[in-house]
Amino acid sequence: MEKAIYHNKYYIYFVLLVIFGFFNLSAIKLLVLQDFTVLFTMFFQLAAIILIVLKHEYVQLSIKSWAIFPLAKSVLILLSYFMFFISDASQKVDLLKLIYYGSTFLVTIVIFYFSDRYISLKKEDDLV
């Protein structure tokens, strides 16, 4: 079995902070709005957190599969805002949501890109 080696601890702390933040937002949405559809994304968030802490060999895959959800959501919403701007209906665009989804897009792109650079795998026999 292989173990994950983290080459940049600040990147891992950043990823954990972002995933915990999204997990907390999902938990609030679950408790306050009683929206049970967030359980699916909470499962991926919890699995990614557990695999990061355990330094499991599938940590890269879990980070990338987690990042797909907020990335796809932010891309679709940014495209819809872009279409509002093109169609001259810019008064329907909420600026705070635009900033939130734009920053979500940038953060998830950074997490997705640097997961290959800062995480590598080594066999447990080579770790000693």
# chains A, B, ... in the order shown; residues from 1 in each chain; ligands from 1
>>> select_by_dssp(residues="segment 24-126 of chain A", states="helix (DSSP H, G or I)", output="ChimeraX atom specification")
/A:24-33,38-54,59-86,90-92,95-118,124-126
>>> closest_atom_pairs(of="segment 67-86 of chain A", to="segment 98-101 of chain A", cutoff="10 Å", atoms="only C-alpha atoms", output="JSON lines")
{"residue": "A:Pro70", "atom": "CA", "partner": "A:Tyr101", "partner_atom": "CA", "distance": 8.8}
{"residue": "A:Leu71", "atom": "CA", "partner": "A:Tyr101", "partner_atom": "CA", "distance": 9.0}
{"residue": "A:Lys73", "atom": "CA", "partner": "A:Tyr101", "partner_atom": "CA", "distance": 8.3}
{"residue": "A:Ser74", "atom": "CA", "partner": "A:Tyr101", "partner_atom": "CA", "distance": 5.1}
{"residue": "A:Val75", "atom": "CA", "partner": "A:Tyr101", "partner_atom": "CA", "distance": 8.0}
{"residue": "A:Leu76", "atom": "CA", "partner": "A:Tyr101", "partner_atom": "CA", "distance": 9.6}
{"residue": "A:Ile77", "atom": "CA", "partner": "A:Tyr101", "partner_atom": "CA", "distance": 7.3}
{"residue": "A:Leu78", "atom": "CA", "partner": "A:Tyr101", "partner_atom": "CA", "distance": 6.9}
{"residue": "A:Tyr81", "atom": "CA", "partner": "A:Leu98", "partner_atom": "CA", "distance": 7.6}
{"residue": "A:Phe82", "atom": "CA", "partner": "A:Leu98", "partner_atom": "CA", "distance": 10.0}
>>> residues_around(residues="Ile63 of chain A", least_positions_apart="5", cutoff="10 Å", atoms="only C-alpha atoms", output="ChimeraX atom specification")
/A:15-16,19,44-45,47-49,51-52,58,68,108,111-112,115
>>> write_last_selection(atoms="N, CA and C atoms", output="PDB file, in the first residue's frame")
ATOM      1  N   VAL A  15      -6.452  23.422   1.754  1.00  0.00           N
ATOM      2  CA  VAL A  15      -7.479  22.511   1.236  1.00  0.00           C
ATOM      3  C   VAL A  15      -8.421  22.092   2.367  1.00  0.00           C
ATOM      4  N   LEU A  16      -7.856  21.735   3.518  1.00  0.00           N
ATOM      5  CA  LEU A  16      -8.695  21.349   4.653  1.00  0.00           C
ATOM      6  C   LEU A  16      -9.591  22.508   5.099  1.00  0.00           C
ATOM      7  N   ILE A  19     -12.404  22.882   2.484  1.00  0.00           N
ATOM      8  CA  ILE A  19     -13.375  21.786   2.551  1.00  0.00           C
ATOM      9  C   ILE A  19     -14.199  21.890   3.833  1.00  0.00           C
ATOM     10  N   PHE A  44     -18.936  13.487   0.023  1.00  0.00           N
ATOM     11  CA  PHE A  44     -17.655  13.683  -0.651  1.00  0.00           C
ATOM     12  C   PHE A  44     -16.718  14.562   0.177  1.00  0.00           C
ATOM     13  N   GLN A  45     -17.257  15.565   0.836  1.00  0.00           N
ATOM     14  CA  GLN A  45     -16.430  16.435   1.662  1.00  0.00           C
ATOM     15  C   GLN A  45     -15.859  15.679   2.846  1.00  0.00           C
ATOM     16  N   ALA A  47     -15.435  12.408   3.092  1.00  0.00           N
ATOM     17  CA  ALA A  47     -14.481  11.410   2.598  1.00  0.00           C
ATOM     18  C   ALA A  47     -13.143  12.053   2.262  1.00  0.00           C
ATOM     19  N   ALA A  48     -13.174  13.228   1.652  1.00  0.00           N
ATOM     20  CA  ALA A  48     -11.931  13.922   1.327  1.00  0.00           C
ATOM     21  C   ALA A  48     -11.175  14.323   2.588  1.00  0.00           C
ATOM     22  N   ILE A  49     -11.877  14.793   3.593  1.00  0.00           N
ATOM     23  CA  ILE A  49     -11.227  15.186   4.849  1.00  0.00           C
ATOM     24  C   ILE A  49     -10.570  13.974   5.505  1.00  0.00           C
ATOM     25  N   LEU A  51      -9.585  11.140   4.106  1.00  0.00           N
ATOM     26  CA  LEU A  51      -8.448  10.652   3.324  1.00  0.00           C
ATOM     27  C   LEU A  51      -7.240  11.575   3.429  1.00  0.00           C
ATOM     28  N   ILE A  52      -7.473  12.871   3.548  1.00  0.00           N
ATOM     29  CA  ILE A  52      -6.350  13.808   3.714  1.00  0.00           C
ATOM     30  C   ILE A  52      -5.671  13.581   5.054  1.00  0.00           C
ATOM     31  N   TYR A  58      -5.452   7.404  -2.118  1.00  0.00           N
ATOM     32  CA  TYR A  58      -6.453   7.988  -3.012  1.00  0.00           C
ATOM     33  C   TYR A  58      -6.782   9.431  -2.656  1.00  0.00           C
ATOM     34  N   ILE A  68     -14.699  18.976  -8.227  1.00  0.00           N
ATOM     35  CA  ILE A  68     -15.561  19.022  -9.400  1.00  0.00           C
ATOM     36  C   ILE A  68     -16.904  19.685  -9.071  1.00  0.00           C
ATOM     37  N   THR A 108     -11.177  26.710  -6.313  1.00  0.00           N
ATOM     38  CA  THR A 108     -11.229  25.303  -6.715  1.00  0.00           C
ATOM     39  C   THR A 108     -10.281  25.003  -7.873  1.00  0.00           C
ATOM     40  N   ILE A 111      -6.930  24.566  -6.138  1.00  0.00           N
ATOM     41  CA  ILE A 111      -6.880  23.277  -5.448  1.00  0.00           C
ATOM     42  C   ILE A 111      -6.723  22.140  -6.445  1.00  0.00           C
ATOM     43  N   PHE A 112      -7.482  22.186  -7.526  1.00  0.00           N
ATOM     44  CA  PHE A 112      -7.427  21.127  -8.540  1.00  0.00           C
ATOM     45  C   PHE A 112      -6.047  21.071  -9.201  1.00  0.00           C
ATOM     46  N   SER A 115      -2.983  19.926  -6.750  1.00  0.00           N
ATOM     47  CA  SER A 115      -3.029  18.607  -6.115  1.00  0.00           C
ATOM     48  C   SER A 115      -2.007  17.660  -6.727  1.00  0.00           C
TER      49      SER A 115
END
>>> select_by_dssp(residues="chain A", states="strand (DSSP E)", output="list in words")
Glu2, Lys3, Ala4, Ile5, Tyr6, Ile119, Ser120, Leu121, Lys122 and Lys123 of chain A
>>> residues_around(residues="Ser26 of chain A", least_positions_apart="3", cutoff="12 Å", atoms="only C-alpha atoms", output="list in words")
Ile19, Phe20, Gly21, Phe22, Phe23, Lys29, Leu30, Leu31, Val32, Leu33, Gln34, Asp35, Phe36, Thr37, Val38, Leu39, Phe40, Thr41, Met42, Phe43, Phe44, Gln45, Leu46 and Pro70 of chain A
>>> residues_around(residues="Lys55 of chain A", least_positions_apart="4", cutoff="10 Å", atoms="only C-alpha atoms", output="PyMOL selection string")
chain A and resi 2-6+49-51+59-60+119+121
>>> closest_residue(among="A:Ala72, A:Glu57, A:Phe84, A:Ile12", to="Glu124 of chain A", atoms="only C-alpha atoms")
A:Glu57
>>> atom_distance(atom1="atom CA of His7 of chain A", atom2="atom CA of Tyr118 of chain A")
4.9 Å
>>> atom_distance(atom1="atom CA of Leu106 of chain A", atom2="atom CA of Val18 of chain A")
12.1 Å
>>> decode(residues="segment 80-107 of chain A", atoms="N, CA and C atoms", output="PDB file, in the first residue's frame")
ATOM      1  N   SER A  80     -24.258  31.858 -16.473  1.00  0.00           N
ATOM      2  CA  SER A  80     -25.600  32.464 -16.483  1.00  0.00           C
ATOM      3  C   SER A  80     -25.516  33.972 -16.222  1.00  0.00           C
ATOM      4  N   TYR A  81     -24.617  34.391 -15.328  1.00  0.00           N
ATOM      5  CA  TYR A  81     -24.430  35.824 -15.101  1.00  0.00           C
ATOM      6  C   TYR A  81     -23.878  36.508 -16.347  1.00  0.00           C
ATOM      7  N   PHE A  82     -23.001  35.831 -17.061  1.00  0.00           N
ATOM      8  CA  PHE A  82     -22.459  36.380 -18.299  1.00  0.00           C
ATOM      9  C   PHE A  82     -23.570  36.556 -19.334  1.00  0.00           C
ATOM     10  N   MET A  83     -24.479  35.597 -19.399  1.00  0.00           N
ATOM     11  CA  MET A  83     -25.599  35.722 -20.335  1.00  0.00           C
ATOM     12  C   MET A  83     -26.536  36.857 -19.935  1.00  0.00           C
ATOM     13  N   PHE A  84     -26.699  37.085 -18.625  1.00  0.00           N
ATOM     14  CA  PHE A  84     -27.483  38.236 -18.191  1.00  0.00           C
ATOM     15  C   PHE A  84     -26.840  39.536 -18.638  1.00  0.00           C
ATOM     16  N   PHE A  85     -25.517  39.620 -18.539  1.00  0.00           N
ATOM     17  CA  PHE A  85     -24.823  40.836 -18.974  1.00  0.00           C
ATOM     18  C   PHE A  85     -24.952  41.041 -20.475  1.00  0.00           C
ATOM     19  N   ILE A  86     -24.859  39.961 -21.244  1.00  0.00           N
ATOM     20  CA  ILE A  86     -24.962  40.066 -22.702  1.00  0.00           C
ATOM     21  C   ILE A  86     -26.360  40.508 -23.113  1.00  0.00           C
ATOM     22  N   SER A  87     -27.376  39.983 -22.441  1.00  0.00           N
ATOM     23  CA  SER A  87     -28.756  40.284 -22.829  1.00  0.00           C
ATOM     24  C   SER A  87     -29.269  41.592 -22.226  1.00  0.00           C
ATOM     25  N   ASP A  88     -28.386  42.367 -21.650  1.00  0.00           N
ATOM     26  CA  ASP A  88     -28.725  43.677 -21.089  1.00  0.00           C
ATOM     27  C   ASP A  88     -29.690  43.580 -19.913  1.00  0.00           C
ATOM     28  N   ALA A  89     -29.604  42.499 -19.151  1.00  0.00           N
ATOM     29  CA  ALA A  89     -30.422  42.331 -17.951  1.00  0.00           C
ATOM     30  C   ALA A  89     -29.502  42.300 -16.728  1.00  0.00           C
ATOM     31  N   SER A  90     -28.554  43.198 -16.700  1.00  0.00           N
ATOM     32  CA  SER A  90     -27.551  43.182 -15.630  1.00  0.00           C
ATOM     33  C   SER A  90     -28.131  43.564 -14.276  1.00  0.00           C
ATOM     34  N   GLN A  91     -29.316  44.125 -14.226  1.00  0.00           N
ATOM     35  CA  GLN A  91     -29.933  44.463 -12.944  1.00  0.00           C
ATOM     36  C   GLN A  91     -30.343  43.208 -12.183  1.00  0.00           C
ATOM     37  N   LYS A  92     -30.437  42.064 -12.855  1.00  0.00           N
ATOM     38  CA  LYS A  92     -30.802  40.805 -12.194  1.00  0.00           C
ATOM     39  C   LYS A  92     -29.608  40.129 -11.530  1.00  0.00           C
ATOM     40  N   VAL A  93     -28.411  40.630 -11.768  1.00  0.00           N
ATOM     41  CA  VAL A  93     -27.195  40.012 -11.237  1.00  0.00           C
ATOM     42  C   VAL A  93     -26.916  40.575  -9.847  1.00  0.00           C
ATOM     43  N   ASP A  94     -26.760  39.675  -8.883  1.00  0.00           N
ATOM     44  CA  ASP A  94     -26.394  40.064  -7.525  1.00  0.00           C
ATOM     45  C   ASP A  94     -24.866  40.107  -7.450  1.00  0.00           C
ATOM     46  N   LEU A  95     -24.328  41.267  -7.119  1.00  0.00           N
ATOM     47  CA  LEU A  95     -22.879  41.453  -7.141  1.00  0.00           C
ATOM     48  C   LEU A  95     -22.180  40.590  -6.102  1.00  0.00           C
ATOM     49  N   LEU A  96     -22.762  40.422  -4.925  1.00  0.00           N
ATOM     50  CA  LEU A  96     -22.130  39.602  -3.893  1.00  0.00           C
ATOM     51  C   LEU A  96     -22.067  38.130  -4.309  1.00  0.00           C
ATOM     52  N   LYS A  97     -23.126  37.654  -4.945  1.00  0.00           N
ATOM     53  CA  LYS A  97     -23.100  36.272  -5.438  1.00  0.00           C
ATOM     54  C   LYS A  97     -22.093  36.111  -6.565  1.00  0.00           C
ATOM     55  N   LEU A  98     -21.967  37.136  -7.402  1.00  0.00           N
ATOM     56  CA  LEU A  98     -20.973  37.095  -8.474  1.00  0.00           C
ATOM     57  C   LEU A  98     -19.562  37.011  -7.895  1.00  0.00           C
ATOM     58  N   ILE A  99     -19.280  37.788  -6.863  1.00  0.00           N
ATOM     59  CA  ILE A  99     -17.970  37.740  -6.217  1.00  0.00           C
ATOM     60  C   ILE A  99     -17.759  36.394  -5.534  1.00  0.00           C
ATOM     61  N   TYR A 100     -18.794  35.876  -4.871  1.00  0.00           N
ATOM     62  CA  TYR A 100     -18.682  34.575  -4.184  1.00  0.00           C
ATOM     63  C   TYR A 100     -18.380  33.457  -5.178  1.00  0.00           C
ATOM     64  N   TYR A 101     -19.140  33.385  -6.259  1.00  0.00           N
ATOM     65  CA  TYR A 101     -18.928  32.295  -7.212  1.00  0.00           C
ATOM     66  C   TYR A 101     -17.649  32.491  -8.027  1.00  0.00           C
ATOM     67  N   GLY A 102     -17.242  33.723  -8.242  1.00  0.00           N
ATOM     68  CA  GLY A 102     -15.957  33.961  -8.899  1.00  0.00           C
ATOM     69  C   GLY A 102     -14.792  33.515  -8.031  1.00  0.00           C
ATOM     70  N   SER A 103     -14.866  33.814  -6.743  1.00  0.00           N
ATOM     71  CA  SER A 103     -13.794  33.368  -5.844  1.00  0.00           C
ATOM     72  C   SER A 103     -13.834  31.852  -5.642  1.00  0.00           C
ATOM     73  N   THR A 104     -15.031  31.266  -5.609  1.00  0.00           N
ATOM     74  CA  THR A 104     -15.135  29.809  -5.523  1.00  0.00           C
ATOM     75  C   THR A 104     -14.497  29.152  -6.735  1.00  0.00           C
ATOM     76  N   PHE A 105     -14.733  29.719  -7.901  1.00  0.00           N
ATOM     77  CA  PHE A 105     -14.127  29.207  -9.134  1.00  0.00           C
ATOM     78  C   PHE A 105     -12.605  29.257  -9.043  1.00  0.00           C
ATOM     79  N   LEU A 106     -12.054  30.386  -8.628  1.00  0.00           N
ATOM     80  CA  LEU A 106     -10.596  30.528  -8.555  1.00  0.00           C
ATOM     81  C   LEU A 106      -9.979  29.597  -7.511  1.00  0.00           C
ATOM     82  N   VAL A 107     -10.618  29.481  -6.349  1.00  0.00           N
ATOM     83  CA  VAL A 107     -10.084  28.634  -5.281  1.00  0.00           C
ATOM     84  C   VAL A 107     -10.093  27.164  -5.704  1.00  0.00           C
TER      85      VAL A 107
END
